[in-house]
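Asks: After the structure tokens below, expect a handful of questions from me.
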Amino acid sequence: MKRGISGKSRADSGIHRGSSWARRSLAEHVSWDGQERRRHERLRVNWRGVLIGGSSDLMRSVDVQVLDLSEGGCCIHVRQSSPDRSLLSEDRLNLNLYVPGAVLSSTVEVRWYVPIQEEVYGAGLEFVAMSSRDRSILMSALKGNPG
């Protein structure tokens, strides 16, 4: 079961799918006790990316804005209308991330997602599989030396 920001499941944290949840504010979905639990420090960025998912019969992609980045994952904003929202609920997706001077690819898992505004969702992605080349690009970007 996927876990929300507070460590609770989506069912008991308010982070879940349904018609009324999209109208609530971010504050209603996220409860935070003030204690940082991330394993890796985040770097604030404003980069583009593309999430790709689906089956071999129907591959879908959506543009994303990457807001922060760490060794373990990133936070994104994605514009999705109702018919496409299911992309964020897939178990594993591919992310192509356009860092300055390079493109890195990773298999990611969606750890949480919440509505930010109409048709815009914030999501936390965890990097679960990445080539050594792409890991090197990521580490250089985090040190301020992308590419």
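Identifiers in the structure tokens: chain A, B, ... in order shown; residue index from 1 per chain; ligand index from 1 in order shown.
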Tell me, as a PyMOL selection string, which residues lie within 10 Å of range 94-110 of chain A, counting only C-alpha atoms; anything in the same chain fewer than 6 positions away does not count.
Replies: chain A and resi 2-3+45-54+61-66+72-75+87-88+123-131+133-138+140-141+144-147
Asks: May I ask for the distance between CA of Ile116 in chain A and CA of Ser89 in chain A, given in Å to one decimal place?
Replies: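 A separation of 16.3 Å between them.
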Asks: What separation in Å, quoted to one decimal, exists between CA of Leu142 in chain A and CA of Asp68 in chain A?
Replies: 10.3 Å
Asks: With distances taken over only C-alpha atoms, which of A:Trp112, A:Tyr121, A:Asp91, A:Leu43 is nearest to His77 in chain A?
Replies: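 Closest residue, counting only C-alpha atoms: A:Tyr121.
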Asks: Ranking A:Val120, A:Leu93, A:Val114, A:Met139 by minimum distance to Arg60 in chain A and counting only C-alpha atoms, which one comes first?
Replies: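 Distance minimum relative to Arg60 in chain A lands on A:Leu93.
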